[in-house]
file query19.cif (mmCIF, C-alpha atoms)
data_coords
#
loop_
_atom_site.label_atom_id
_atom_site.label_comp_id
_atom_site.auth_asym_id
_atom_site.auth_seq_id
_atom_site.Cartn_x
_atom_site.Cartn_y
_atom_site.Cartn_z
CA MET A 1 245.25 226.29 -53.38
CA THR A 2 248.15 224.21 -54.67
CA ALA A 3 250.62 226.93 -53.75
CA ASP A 4 249.26 227.03 -50.19
CA THR A 5 249.42 223.27 -49.70
CA ASP A 6 252.93 223.03 -51.17
CA ALA A 7 254.12 225.79 -48.85
CA LEU A 8 252.65 224.02 -45.84
CA ARG A 9 254.29 220.73 -46.85
CA GLU A 10 257.71 222.39 -47.11
CA ALA A 11 257.29 224.22 -43.83
CA LEU A 12 256.19 221.04 -42.04
CA LEU A 13 259.13 219.00 -43.34
CA HIS A 14 261.58 221.77 -42.43
CA GLU A 15 260.37 222.02 -38.84
CA LEU A 16 260.28 218.22 -38.38
CA ALA A 17 263.87 218.04 -39.60
CA GLU A 18 264.83 220.49 -36.85
CA ALA A 19 263.02 218.53 -34.10
CA ARG A 20 265.35 216.49 -31.87
CA GLU A 21 263.10 215.51 -28.98
CA PRO A 22 259.61 213.95 -28.79
CA ASP A 23 258.20 217.11 -27.21
CA GLU A 24 259.57 219.18 -30.13
CA VAL A 25 257.76 216.89 -32.58
CA GLU A 26 254.60 217.37 -30.53
CA ARG A 27 254.93 221.14 -30.82
CA VAL A 28 255.17 220.81 -34.60
CA ARG A 29 252.04 218.64 -34.60
CA VAL A 30 250.10 221.23 -32.62
CA LYS A 31 251.35 224.03 -34.89
CA PHE A 32 250.10 222.34 -38.07
CA LEU A 33 247.32 219.98 -36.97
CA GLY A 34 246.14 221.50 -33.69
CA GLN A 35 242.34 221.65 -33.43
CA LYS A 36 242.33 225.28 -32.32
CA ASP A 37 244.57 227.12 -34.76
CA GLY A 38 246.80 224.61 -36.55
CA SER A 39 247.91 225.85 -39.96
CA ILE A 40 246.48 222.92 -41.89
CA THR A 41 243.35 222.80 -39.73
CA THR A 42 242.77 226.53 -40.31
CA LEU A 43 243.23 226.13 -44.07
CA ILE A 44 240.67 223.31 -44.21
CA ARG A 45 238.16 225.16 -42.08
CA GLY A 46 238.60 228.38 -44.04
CA THR A 47 237.90 226.81 -47.41
CA ASN A 48 234.42 227.77 -48.66
CA PHE A 49 233.34 224.57 -50.37
CA GLY A 50 229.86 225.99 -50.92
CA ALA A 51 231.23 228.55 -53.36
CA LEU A 52 232.85 225.87 -55.51
CA ASP A 53 231.23 223.82 -58.21
CA LYS A 54 231.11 220.03 -58.05
CA ASP A 55 234.39 219.37 -59.89
CA GLU A 56 236.27 222.04 -57.94
CA ARG A 57 234.99 220.67 -54.62
CA ARG A 58 236.32 217.23 -55.52
CA VAL A 59 239.74 218.53 -56.52
CA VAL A 60 240.12 220.82 -53.53
CA GLY A 61 238.78 218.21 -51.12
CA ASN A 62 241.27 215.61 -52.37
CA GLU A 63 244.13 218.09 -52.15
CA LEU A 64 243.33 219.10 -48.56
CA SER A 65 242.72 215.49 -47.50
CA GLY A 66 246.03 214.47 -49.02
CA LEU A 67 247.79 217.31 -47.20
CA LYS A 68 246.36 216.22 -43.85
CA SER A 69 247.28 212.55 -44.41
CA PHE A 70 250.79 213.57 -45.49
CA ALA A 71 251.21 215.65 -42.33
CA GLU A 72 249.97 212.87 -40.03
CA THR A 73 252.33 210.32 -41.61
CA ALA A 74 255.35 212.65 -41.53
CA ILE A 75 254.75 213.53 -37.87
CA ARG A 76 254.32 209.87 -36.89
CA ASP A 77 257.54 208.88 -38.64
CA ALA A 78 259.43 211.79 -37.07
CA ARG A 79 258.16 210.90 -33.59
CA GLN A 80 259.26 207.26 -33.97
CA GLN A 81 262.69 208.36 -35.19
CA VAL A 82 263.41 210.77 -32.35
CA GLU A 83 262.08 208.29 -29.76
CA ALA A 84 264.40 205.60 -31.08
CA VAL A 85 267.37 207.99 -30.90
CA ALA A 86 266.40 209.04 -27.37
CA ALA A 87 266.12 205.40 -26.28
CA ARG A 88 269.60 204.63 -27.60
CA GLN A 89 271.00 207.62 -25.78
CA ARG A 90 269.33 206.59 -22.53
CA ARG A 91 270.75 203.10 -22.80
CA ARG A 92 274.23 204.45 -23.40
CA GLY A 93 273.88 206.83 -20.50
CA LEU A 94 272.63 204.15 -18.05
CA VAL A 95 275.29 201.52 -18.68
CA ASP A 96 278.40 201.96 -16.59
CA LEU A 97 280.74 199.04 -17.20
CA THR A 98 282.78 199.96 -14.12
CA LEU A 99 279.88 199.21 -11.76
CA PRO A 100 279.41 195.72 -10.26
CA GLY A 101 276.71 193.60 -11.89
CA GLU A 102 273.27 193.25 -10.44
CA ARG A 103 272.77 190.23 -8.22
CA VAL A 104 270.31 187.75 -9.69
CA ASN A 105 268.27 185.67 -7.26
CA VAL A 106 268.45 182.06 -8.41
CA GLY A 107 265.32 179.98 -7.86
CA SER A 108 265.20 176.55 -6.31
CA ILE A 109 263.25 173.37 -6.84
CA ASN A 110 260.49 172.36 -4.47
CA PRO A 111 261.96 169.66 -2.19
CA VAL A 112 259.20 167.24 -3.19
CA ASN A 113 260.17 167.61 -6.86
CA THR A 114 263.81 167.10 -5.92
CA ILE A 115 262.85 163.86 -4.17
CA GLN A 116 260.83 162.76 -7.21
CA LEU A 117 263.71 163.34 -9.62
CA PHE A 118 266.02 161.43 -7.30
CA LEU A 119 263.61 158.50 -6.97
CA GLU A 120 263.22 158.30 -10.72
CA ASP A 121 267.01 158.03 -11.11
CA VAL A 122 267.25 155.37 -8.39
CA PHE A 123 264.48 153.22 -9.80
CA ARG A 124 265.70 153.56 -13.37
CA GLY A 125 268.99 152.19 -12.04
CA MET A 126 267.07 149.12 -10.82
CA GLY A 127 265.39 148.60 -14.20
CA PHE A 128 262.08 150.39 -13.52
CA MET A 129 260.32 152.57 -16.08
CA VAL A 130 258.60 155.85 -15.13
CA GLU A 131 254.93 156.34 -16.03
CA GLN A 132 253.00 159.47 -15.03
CA GLY A 133 249.34 158.42 -15.14
CA PHE A 134 246.40 160.85 -14.88
CA GLU A 135 245.42 163.18 -12.05
CA VAL A 136 241.78 163.02 -13.19
CA GLU A 137 240.80 159.35 -13.18
CA THR A 138 237.80 157.12 -13.72
CA GLU A 139 236.14 155.33 -10.86
CA TYR A 140 237.03 152.04 -12.51
CA TYR A 141 240.81 152.49 -12.47
CA ASN A 142 240.89 154.28 -9.12
CA PHE A 143 238.65 151.79 -7.28
CA ASP A 144 237.01 148.95 -9.21
CA ALA A 145 240.10 147.56 -10.94
CA LEU A 146 241.96 147.70 -7.61
CA ASN A 147 239.45 145.45 -5.84
CA VAL A 148 238.00 148.31 -3.77
CA ALA A 149 234.47 147.30 -2.74
CA ARG A 150 231.51 149.46 -3.77
CA ASP A 151 230.72 150.22 -0.13
CA HIS A 152 234.32 150.98 0.85
CA PRO A 153 234.50 154.26 2.84
CA ALA A 154 237.29 155.57 0.58
CA ARG A 155 234.64 156.21 -2.09
CA ASP A 156 232.70 158.58 0.16
CA MET A 157 232.71 162.32 -0.37
CA GLN A 158 234.59 162.60 2.93
CA ASP A 159 237.65 161.03 1.29
CA THR A 160 237.33 161.62 -2.45
CA PHE A 161 236.98 164.71 -4.63
CA TRP A 162 234.29 163.76 -7.16
CA LEU A 163 233.69 165.76 -10.34
CA ASP A 164 230.34 166.53 -11.91
CA SER A 165 231.24 164.30 -14.86
CA GLY A 166 231.48 161.23 -12.59
CA ALA A 167 235.27 161.20 -12.76
CA LEU A 168 237.41 161.97 -9.71
CA LEU A 169 240.74 163.38 -8.61
CA ARG A 170 242.84 160.29 -8.02
CA THR A 171 243.23 159.38 -4.38
CA HIS A 172 246.41 157.36 -5.00
CA THR A 173 248.86 156.67 -7.79
CA SER A 174 247.83 153.01 -7.54
CA ALA A 175 245.21 154.02 -10.13
CA THR A 176 247.91 153.60 -12.80
CA GLN A 177 248.69 149.95 -11.95
CA VAL A 178 246.12 148.26 -14.18
CA ARG A 179 246.60 150.83 -16.97
CA ALA A 180 250.34 150.07 -17.05
CA MET A 181 249.92 146.28 -17.03
CA ARG A 182 247.40 146.49 -19.85
CA LYS A 183 249.66 148.80 -21.83
CA TYR A 184 253.02 147.06 -21.36
CA GLY A 185 252.16 143.52 -20.33
CA THR A 186 254.56 141.45 -18.23
CA PRO A 187 257.25 141.27 -17.01
CA LEU A 188 256.88 144.82 -15.75
CA ARG A 189 258.87 147.07 -13.45
CA ALA A 190 257.46 150.58 -13.18
CA ILE A 191 256.95 153.51 -10.85
CA PHE A 192 254.16 156.07 -11.08
CA PRO A 193 255.09 159.34 -9.34
CA GLY A 194 252.56 162.14 -9.11
CA ARG A 195 250.06 164.23 -7.25
CA CYS A 196 247.10 162.79 -5.35
CA PHE A 197 244.07 164.34 -3.69
CA ARG A 198 242.03 163.45 -0.62
CA TYR A 199 239.47 165.35 1.36
CA GLU A 200 241.30 165.42 4.69
CA ALA A 201 241.53 167.64 7.74
CA LEU A 202 244.72 169.71 7.59
CA ASP A 203 247.39 169.24 10.22
CA ALA A 204 251.19 169.02 10.42
CA SER A 205 251.28 165.71 8.52
CA HIS A 206 248.11 165.77 6.34
CA GLU A 207 247.17 167.87 3.32
CA THR A 208 244.38 167.66 0.74
CA SER A 209 247.03 167.51 -1.97
CA PHE A 210 250.16 165.37 -1.63
CA TYR A 211 252.63 163.40 -3.74
CA GLN A 212 253.08 159.64 -3.99
CA CYS A 213 255.34 157.33 -5.90
CA GLU A 214 253.61 154.05 -6.68
CA GLY A 215 255.87 151.13 -7.49
CA LEU A 216 254.96 147.90 -9.26
CA MET A 217 256.89 144.78 -10.17
CA VAL A 218 255.12 141.84 -11.83
CA ASP A 219 256.83 138.73 -13.15
CA ARG A 220 257.06 135.03 -12.53
CA GLY A 221 258.23 134.13 -9.01
CA VAL A 222 258.16 137.60 -7.39
CA THR A 223 258.05 137.35 -3.57
CA VAL A 224 258.03 139.53 -0.44
CA ALA A 225 261.82 139.14 -0.35
CA ASN A 226 262.03 141.09 -3.62
CA LEU A 227 259.89 143.83 -2.10
CA LEU A 228 262.11 144.16 0.97
CA SER A 229 265.28 144.17 -1.11
CA VAL A 230 264.03 147.02 -3.30
CA MET A 231 262.87 149.05 -0.29
CA GLN A 232 266.16 148.63 1.58
CA THR A 233 268.14 149.68 -1.50
CA LEU A 234 265.91 152.72 -1.97
CA LEU A 235 265.95 154.01 1.63
CA ARG A 236 269.70 153.50 1.96
CA GLN A 237 270.29 155.73 -1.05
CA VAL A 238 267.75 158.34 0.00
CA PHE A 239 269.06 158.84 3.53
CA GLU A 240 272.69 157.89 2.80
CA ARG A 241 272.76 155.72 5.91
CA ASP A 242 271.05 152.73 7.43
CA VAL A 243 267.62 153.59 8.85
CA SER A 244 265.31 151.69 11.15
CA VAL A 245 262.13 150.35 9.59
CA ARG A 246 259.37 148.06 10.70
CA LEU A 247 256.93 145.97 8.72
CA ARG A 248 253.53 145.36 10.25
CA PRO A 249 250.37 143.79 8.84
CA GLY A 250 248.05 146.14 7.02
CA TYR A 251 244.90 145.79 4.95
CA PHE A 252 244.64 147.27 1.49
CA PRO A 253 242.14 145.90 -1.05
CA PHE A 254 244.67 145.72 -3.88
CA VAL A 255 247.36 143.68 -2.11
CA GLU A 256 247.34 140.31 -0.31
CA PRO A 257 249.14 139.99 2.02
CA GLY A 258 249.41 143.68 2.84
CA PHE A 259 251.90 145.52 5.03
CA GLU A 260 252.61 148.94 6.49
CA LEU A 261 256.25 149.95 6.26
CA ASP A 262 257.11 152.47 8.97
CA LEU A 263 260.29 154.48 9.30
CA SER A 264 261.80 155.59 12.58
CA CYS A 265 261.08 159.33 12.74
CA LEU A 266 264.14 161.28 11.64
CA ILE A 267 262.70 164.56 12.89
CA CYS A 268 262.83 163.55 16.56
CA SER A 269 265.13 160.47 16.30
CA GLY A 270 262.27 158.28 17.48
CA GLU A 271 261.57 160.23 20.67
CA GLY A 272 258.16 161.54 19.56
CA CYS A 273 256.99 164.77 17.88
CA ARG A 274 254.06 166.27 15.96
CA VAL A 275 255.07 164.66 12.70
CA CYS A 276 255.10 161.11 14.09
CA LYS A 277 252.21 161.90 16.44
CA HIS A 278 254.55 161.22 19.35
CA SER A 279 254.87 157.55 18.43
CA GLY A 280 258.47 157.66 17.23
CA TRP A 281 257.45 156.10 13.90
CA VAL A 282 256.24 157.62 10.62
CA GLU A 283 254.01 155.65 8.29
CA LEU A 284 256.01 155.73 5.07
CA MET A 285 254.31 153.38 2.68
CA PRO A 286 251.66 150.72 2.35
CA CYS A 287 252.89 147.76 0.37
CA GLY A 288 252.27 144.09 -0.30
CA MET A 289 251.81 141.45 -2.94
CA VAL A 290 249.50 142.41 -5.80
CA HIS A 291 246.03 140.94 -5.24
CA PRO A 292 245.07 138.22 -7.76
CA ARG A 293 241.92 140.15 -8.69
CA VAL A 294 244.03 143.16 -9.69
CA LEU A 295 246.18 140.93 -11.89
CA GLU A 296 243.05 139.50 -13.48
CA ALA A 297 241.67 143.01 -14.14
CA ALA A 298 244.90 143.74 -16.01
CA GLY A 299 244.72 140.52 -18.03
CA VAL A 300 247.57 138.81 -16.15
CA ASP A 301 247.23 135.19 -15.03
CA PRO A 302 247.64 135.08 -11.21
CA GLU A 303 248.42 131.36 -11.43
CA THR A 304 251.66 131.99 -13.31
CA HIS A 305 252.59 135.53 -12.26
CA SER A 306 252.92 137.45 -9.02
CA GLY A 307 254.08 140.88 -8.07
CA PHE A 308 254.50 143.47 -5.37
CA ALA A 309 253.28 147.05 -5.14
CA PHE A 310 254.01 149.93 -2.81
CA GLY A 311 252.86 153.52 -2.38
CA LEU A 312 255.72 155.70 -1.22
CA GLY A 313 254.70 159.06 0.22
CA MET A 314 257.10 161.50 -1.46
CA THR A 315 255.84 164.45 0.58
CA ARG A 316 256.52 162.67 3.87
CA LEU A 317 259.82 161.40 2.54
CA ALA A 318 260.86 165.00 1.81
CA MET A 319 259.81 166.00 5.34
CA LEU A 320 262.03 163.29 6.81
CA LYS A 321 264.91 163.93 4.43
CA TYR A 322 265.07 167.68 5.11
CA GLY A 323 263.66 167.84 8.64
CA ILE A 324 260.52 169.78 7.65
CA PRO A 325 258.09 169.85 10.61
CA ASP A 326 254.87 170.84 8.82
CA ILE A 327 253.52 169.49 5.52
CA ARG A 328 251.60 172.72 4.87
CA LEU A 329 254.85 174.55 4.15
CA PHE A 330 255.23 172.80 0.79
CA ASP A 331 252.25 174.63 -0.74
CA SER A 332 252.72 177.87 1.19
CA GLY A 333 254.14 179.75 -1.81
CA ASP A 334 256.80 181.28 0.43
CA TRP A 335 260.04 181.53 -1.60
CA ARG A 336 262.05 181.82 1.62
CA PHE A 337 261.05 178.25 2.40
CA TYR A 338 261.96 176.85 -1.02
CA ARG A 339 265.34 178.57 -1.35
CA GLN A 340 266.67 176.64 1.67
CA PHE A 341 266.85 173.39 -0.24
CA PRO A 342 269.39 172.22 -2.80
CA ALA A 343 268.42 171.37 -6.34
CA THR A 344 269.71 167.82 -5.86
CA VAL A 345 269.36 165.27 -3.08
#

call {"tool": "encode", "arguments": {"input": "query19.cif", "output": "structure tokens"}}
result
Amino acid sequence: MTADTDALREALLHELAEAREPDEVERVRVKFLGQKDGSITTLIRGTNFGALDKDERRVVGNELSGLKSFAETAIRDARQQVEAVAARQRRRGLVDLTLPGERVNVGSINPVNTIQLFLEDVFRGMGFMVEQGFEVETEYYNFDALNVARDHPARDMQDTFWLDSGALLRTHTSATQVRAMRKYGTPLRAIFPGRCFRYEALDASHETSFYQCEGLMVDRGVTVANLLSVMQTLLRQVFERDVSVRLRPGYFPFVEPGFELDLSCLICSGEGCRVCKHSGWVELMPCGMVHPRVLEAAGVDPETHSGFAFGLGMTRLAMLKYGIPDIRLFDSGDWRFYRQFPATV
């Protein structure tokens, strides 16, 4: 038996050494280990173990098992070797250094993210810090701490995405105001850019998911004049020219007095279109002086400190900046839309 197994080992190694392609290695495998008439398979099947005593069966069985394992390992190693050689040859054959390089399509940044990065740079230049906040918020920070009454319609399912846990998807980045004041104290200058969610009917200027940039400044002696100065500086840098704005009274539970800052529609130059609902004006941001109850919720004395807050709609700002007529394009997933816009403002 030893002579037979040694002969098969030598024959196997000789034929594997001659194999140059994966299919040649496969032919060797079939010749020696094929289930039908492979040389090693035939030897194992032809061995009459019943005619051997116990010790002989153990010796012969170990010898044949070792031969089969040796063959399987040798074939596997040979296959890996010839495949590696073939792969190197294919790579050498496919590379032609005289051909022009392949054109790589370069991605672009979503225009809303471009606006956010720009706003962060502008506000940092005015001494504001950037705080992200949480997209999943508690009812307390989203409503209670901001002086939103328990029966306020904004808490209804028609406006708010509530979670089974009792938490919610924040409806505005104002939810970070009290968190920031508690964390950093005063004086404080901070913006809170991020994504917000509201259960709204979709149209050219409304989406269920949109982006805001909340701004907050709290210190001693802060007035509406400080608010207007910051807004004028911001819009002048965003649009690189003077723009027409109007300030009209507005009610928001977390500011007193409250205002609506509107921007003359840059899509239609104030003549009226779908984006401005044919009014010539686009509602850009609610703003006002921080309500004393909000300051108290944050542990700030409203007798000695005051502040302003604003909620800048980054999605609408991007629409005005780049002349985008429909807010639904931002989340369309169409790369042809995104590649139109530069990576910087």

call {"tool": "resolve_selection", "arguments": {"input": "query19.cif", "expression": "the PyMOL selection byres ((chain A and resi 130-137) around 10)", "output": "VMD selection string"}}
result
chain A and resid 119 to 121 123 to 124 127 to 129 138 to 143 161 to 163 166 to 177 179 to 180 189 to 197 213 to 215

call {"tool": "write_last_selection", "arguments": {"input": "query19.cif", "atoms": "C-alpha atoms", "output": "CSV table (one decimal), in the frame of the given file"}}
result
chain,number,residue,atom,x,y,z
A,119,LEU,CA,263.6,158.5,-7.0
A,120,GLU,CA,263.2,158.3,-10.7
A,121,ASP,CA,267.0,158.0,-11.1
A,123,PHE,CA,264.5,153.2,-9.8
A,124,ARG,CA,265.7,153.6,-13.4
A,127,GLY,CA,265.4,148.6,-14.2
A,128,PHE,CA,262.1,150.4,-13.5
A,129,MET,CA,260.3,152.6,-16.1
A,138,THR,CA,237.8,157.1,-13.7
A,139,GLU,CA,236.1,155.3,-10.9
A,140,TYR,CA,237.0,152.0,-12.5
A,141,TYR,CA,240.8,152.5,-12.5
A,142,ASN,CA,240.9,154.3,-9.1
A,143,PHE,CA,238.6,151.8,-7.3
A,161,PHE,CA,237.0,164.7,-4.6
A,162,TRP,CA,234.3,163.8,-7.2
A,163,LEU,CA,233.7,165.8,-10.3
A,166,GLY,CA,231.5,161.2,-12.6
A,167,ALA,CA,235.3,161.2,-12.8
A,168,LEU,CA,237.4,162.0,-9.7
A,169,LEU,CA,240.7,163.4,-8.6
A,170,ARG,CA,242.8,160.3,-8.0
A,171,THR,CA,243.2,159.4,-4.4
A,172,HIS,CA,246.4,157.4,-5.0
A,173,THR,CA,248.9,156.7,-7.8
A,174,SER,CA,247.8,153.0,-7.5
A,175,ALA,CA,245.2,154.0,-10.1
A,176,THR,CA,247.9,153.6,-12.8
A,177,GLN,CA,248.7,150.0,-12.0
A,179,ARG,CA,246.6,150.8,-17.0
A,180,ALA,CA,250.3,150.1,-17.0
A,189,ARG,CA,258.9,147.1,-13.4
A,190,ALA,CA,257.5,150.6,-13.2
A,191,ILE,CA,257.0,153.5,-10.8
A,192,PHE,CA,254.2,156.1,-11.1
A,193,PRO,CA,255.1,159.3,-9.3
A,194,GLY,CA,252.6,162.1,-9.1
A,195,ARG,CA,250.1,164.2,-7.2
A,196,CYS,CA,247.1,162.8,-5.4
A,197,PHE,CA,244.1,164.3,-3.7
A,213,CYS,CA,255.3,157.3,-5.9
A,214,GLU,CA,253.6,154.0,-6.7
A,215,GLY,CA,255.9,151.1,-7.5

call {"tool": "closest_residue", "arguments": {"input": "query19.cif", "among": "A:Asn226, A:Thr315, A:Ser165, A:Ala17", "to": "Leu329 in chain A", "atoms": "all atoms listed in the file"}}
result
A:Thr315

call {"tool": "atom_distance", "arguments": {"input": "query19.cif", "atom1": "CA of Ala87 in chain A", "atom2": "CA of Val28 in chain A"}}
result
20.7 Å

call {"tool": "closest_atom_pairs", "arguments": {"input": "query19.cif", "of": "range 99-204 of chain A", "to": "range 280-300 of chain A", "cutoff": "6 Å", "atoms": "only C-alpha atoms", "output": "Markdown table"}}
result
| residue | atom | partner | partner_atom | distance |
| --- | --- | --- | --- | --- |
| A:Ala145 | CA | A:Ala297 | CA | 5.8 |
| A:Leu146 | CA | A:Val294 | CA | 5.4 |
| A:Val178 | CA | A:Ala298 | CA | 5.0 |
| A:Met181 | CA | A:Ala298 | CA | 5.7 |
| A:Arg182 | CA | A:Ala298 | CA | 5.3 |

call {"tool": "closest_residue", "arguments": {"input": "query19.cif", "among": "A:Ser229, A:Ser65, A:Thr186, A:Ser264", "to": "Pro302 in chain A", "atoms": "only C-alpha atoms"}}
result
A:Thr186

call {"tool": "residues_around", "arguments": {"input": "query19.cif", "residues": "Ser279 in chain A", "least_positions_apart": "5", "cutoff": "12 Å", "atoms": "all atoms listed in the file", "output": "NGL selection string"}}
result
:A and (262-265 or 267-274)

call {"tool": "write_last_selection", "arguments": {"input": "query19.cif", "atoms": "C-alpha atoms", "output": "PDB file, keeping the file's coordinate frame"}}
result
ATOM      1  CA  ASP A 262     257.110 152.470   8.970  1.00  0.00           C
ATOM      2  CA  LEU A 263     260.290 154.480   9.300  1.00  0.00           C
ATOM      3  CA  SER A 264     261.800 155.590  12.580  1.00  0.00           C
ATOM      4  CA  CYS A 265     261.080 159.330  12.740  1.00  0.00           C
ATOM      5  CA  ILE A 267     262.700 164.560  12.890  1.00  0.00           C
ATOM      6  CA  CYS A 268     262.830 163.550  16.560  1.00  0.00           C
ATOM      7  CA  SER A 269     265.130 160.470  16.300  1.00  0.00           C
ATOM      8  CA  GLY A 270     262.270 158.280  17.480  1.00  0.00           C
ATOM      9  CA  GLU A 271     261.570 160.230  20.670  1.00  0.00           C
ATOM     10  CA  GLY A 272     258.160 161.540  19.560  1.00  0.00           C
ATOM     11  CA  CYS A 273     256.990 164.770  17.880  1.00  0.00           C
ATOM     12  CA  ARG A 274     254.060 166.270  15.960  1.00  0.00           C
TER      13      ARG A 274
END

call {"tool": "closest_residue", "arguments": {"input": "query19.cif", "among": "A:Leu16, A:Phe308, A:Gly250, A:Gln340", "to": "Gln80 in chain A", "atoms": "all atoms listed in the file"}}
result
A:Leu16

call {"tool": "atom_distance", "arguments": {"input": "query19.cif", "atom1": "CA of Glu72 in chain A", "atom2": "CA of Arg88 in chain A"}}
result
24.7 Å

call {"tool": "closest_residue", "arguments": {"input": "query19.cif", "among": "A:Ala71, A:Ala51, A:Ala309, A:Val25", "to": "Asp6 in chain A", "atoms": "all atoms listed in the file"}}
result
A:Ala71

call {"tool": "atom_distance", "arguments": {"input": "query19.cif", "atom1": "CA of Trp335 in chain A", "atom2": "CA of Ser108 in chain A"}}
result
8.6 Å

call {"tool": "closest_residue", "arguments": {"input": "query19.cif", "among": "A:Arg20, A:Arg45, A:Arg9, A:Arg58", "to": "Phe70 in chain A", "atoms": "all atoms listed in the file"}}
result
A:Arg9

call {"tool": "resolve_selection", "arguments": {"input": "query19.cif", "expression": "the PyMOL selection byres ((chain A and resi 118) around 12)", "output": "PyMOL selection string"}}
result
chain A and resi 111-117+119-125+193+213+234-235+237-239+314+317-318+343-345

call {"tool": "write_last_selection", "arguments": {"input": "query19.cif", "atoms": "C-alpha atoms", "output": "PDB file, in the frame of the given file"}}
result
ATOM      1  CA  PRO A 111     261.960 169.660  -2.190  1.00  0.00           C
ATOM      2  CA  VAL A 112     259.200 167.240  -3.190  1.00  0.00           C
ATOM      3  CA  ASN A 113     260.170 167.610  -6.860  1.00  0.00           C
ATOM      4  CA  THR A 114     263.810 167.100  -5.920  1.00  0.00           C
ATOM      5  CA  ILE A 115     262.850 163.860  -4.170  1.00  0.00           C
ATOM      6  CA  GLN A 116     260.830 162.760  -7.210  1.00  0.00           C
ATOM      7  CA  LEU A 117     263.710 163.340  -9.620  1.00  0.00           C
ATOM      8  CA  LEU A 119     263.610 158.500  -6.970  1.00  0.00           C
ATOM      9  CA  GLU A 120     263.220 158.300 -10.720  1.00  0.00           C
ATOM     10  CA  ASP A 121     267.010 158.030 -11.110  1.00  0.00           C
ATOM     11  CA  VAL A 122     267.250 155.370  -8.390  1.00  0.00           C
ATOM     12  CA  PHE A 123     264.480 153.220  -9.800  1.00  0.00           C
ATOM     13  CA  ARG A 124     265.700 153.560 -13.370  1.00  0.00           C
ATOM     14  CA  GLY A 125     268.990 152.190 -12.040  1.00  0.00           C
ATOM     15  CA  PRO A 193     255.090 159.340  -9.340  1.00  0.00           C
ATOM     16  CA  CYS A 213     255.340 157.330  -5.900  1.00  0.00           C
ATOM     17  CA  LEU A 234     265.910 152.720  -1.970  1.00  0.00           C
ATOM     18  CA  LEU A 235     265.950 154.010   1.630  1.00  0.00           C
ATOM     19  CA  GLN A 237     270.290 155.730  -1.050  1.00  0.00           C
ATOM     20  CA  VAL A 238     267.750 158.340   0.000  1.00  0.00           C
ATOM     21  CA  PHE A 239     269.060 158.840   3.530  1.00  0.00           C
ATOM     22  CA  MET A 314     257.100 161.500  -1.460  1.00  0.00           C
ATOM     23  CA  LEU A 317     259.820 161.400   2.540  1.00  0.00           C
ATOM     24  CA  ALA A 318     260.860 165.000   1.810  1.00  0.00           C
ATOM     25  CA  ALA A 343     268.420 171.370  -6.340  1.00  0.00           C
ATOM     26  CA  THR A 344     269.710 167.820  -5.860  1.00  0.00           C
ATOM     27  CA  VAL A 345     269.360 165.270  -3.080  1.00  0.00           C
TER      28      VAL A 345
END

call {"tool": "closest_residue", "arguments": {"input": "query19.cif", "among": "A:Phe254, A:Phe337, A:Leu320, A:Glu240", "to": "Leu266 in chain A", "atoms": "all atoms listed in the file"}}
result
A:Leu320

call {"tool": "residues_around", "arguments": {"input": "query19.cif", "residues": "Asp4 in chain A", "least_positions_apart": "6", "cutoff": "12 Å", "atoms": "all atoms listed in the file", "output": "ChimeraX atom specification"}}
result
/A:10-11,39-40,42-44,47,60,63-64,67

call {"tool": "resolve_selection", "arguments": {"input": "query19.cif", "expression": "the PyMOL selection byres ((chain A and resi 208) around 9)", "output": "list in words"}}
result
Cys196, Phe197, Arg198, Tyr199, Glu200, Ala201, Leu202, His206, Glu207, Ser209 and Phe210 of chain A

call {"tool": "axis_aligned_box", "arguments": {"input": "query19.cif", "around": "range 77-88 of chain A", "padding_each_side": "6 Å", "output": "lines of an AutoDock Vina configuration file"}}
result
center_x = 263.6
center_y = 208.2
center_z = -32.5
size_x = 24.1
size_y = 19.2
size_z = 24.4

call {"tool": "residues_around", "arguments": {"input": "query19.cif", "residues": "Ala74 in chain A", "least_positions_apart": "4", "cutoff": "10 Å", "atoms": "only C-alpha atoms", "output": "CSV table (one decimal) with C-alpha atoms, keeping the file's coordinate frame"}}
result
chain,number,residue,atom,x,y,z
A,9,ARG,CA,254.3,220.7,-46.8
A,12,LEU,CA,256.2,221.0,-42.0
A,13,LEU,CA,259.1,219.0,-43.3
A,16,LEU,CA,260.3,218.2,-38.4
A,29,ARG,CA,252.0,218.6,-34.6
A,68,LYS,CA,246.4,216.2,-43.8
A,69,SER,CA,247.3,212.6,-44.4
A,70,PHE,CA,250.8,213.6,-45.5
A,78,ALA,CA,259.4,211.8,-37.1
A,79,ARG,CA,258.2,210.9,-33.6
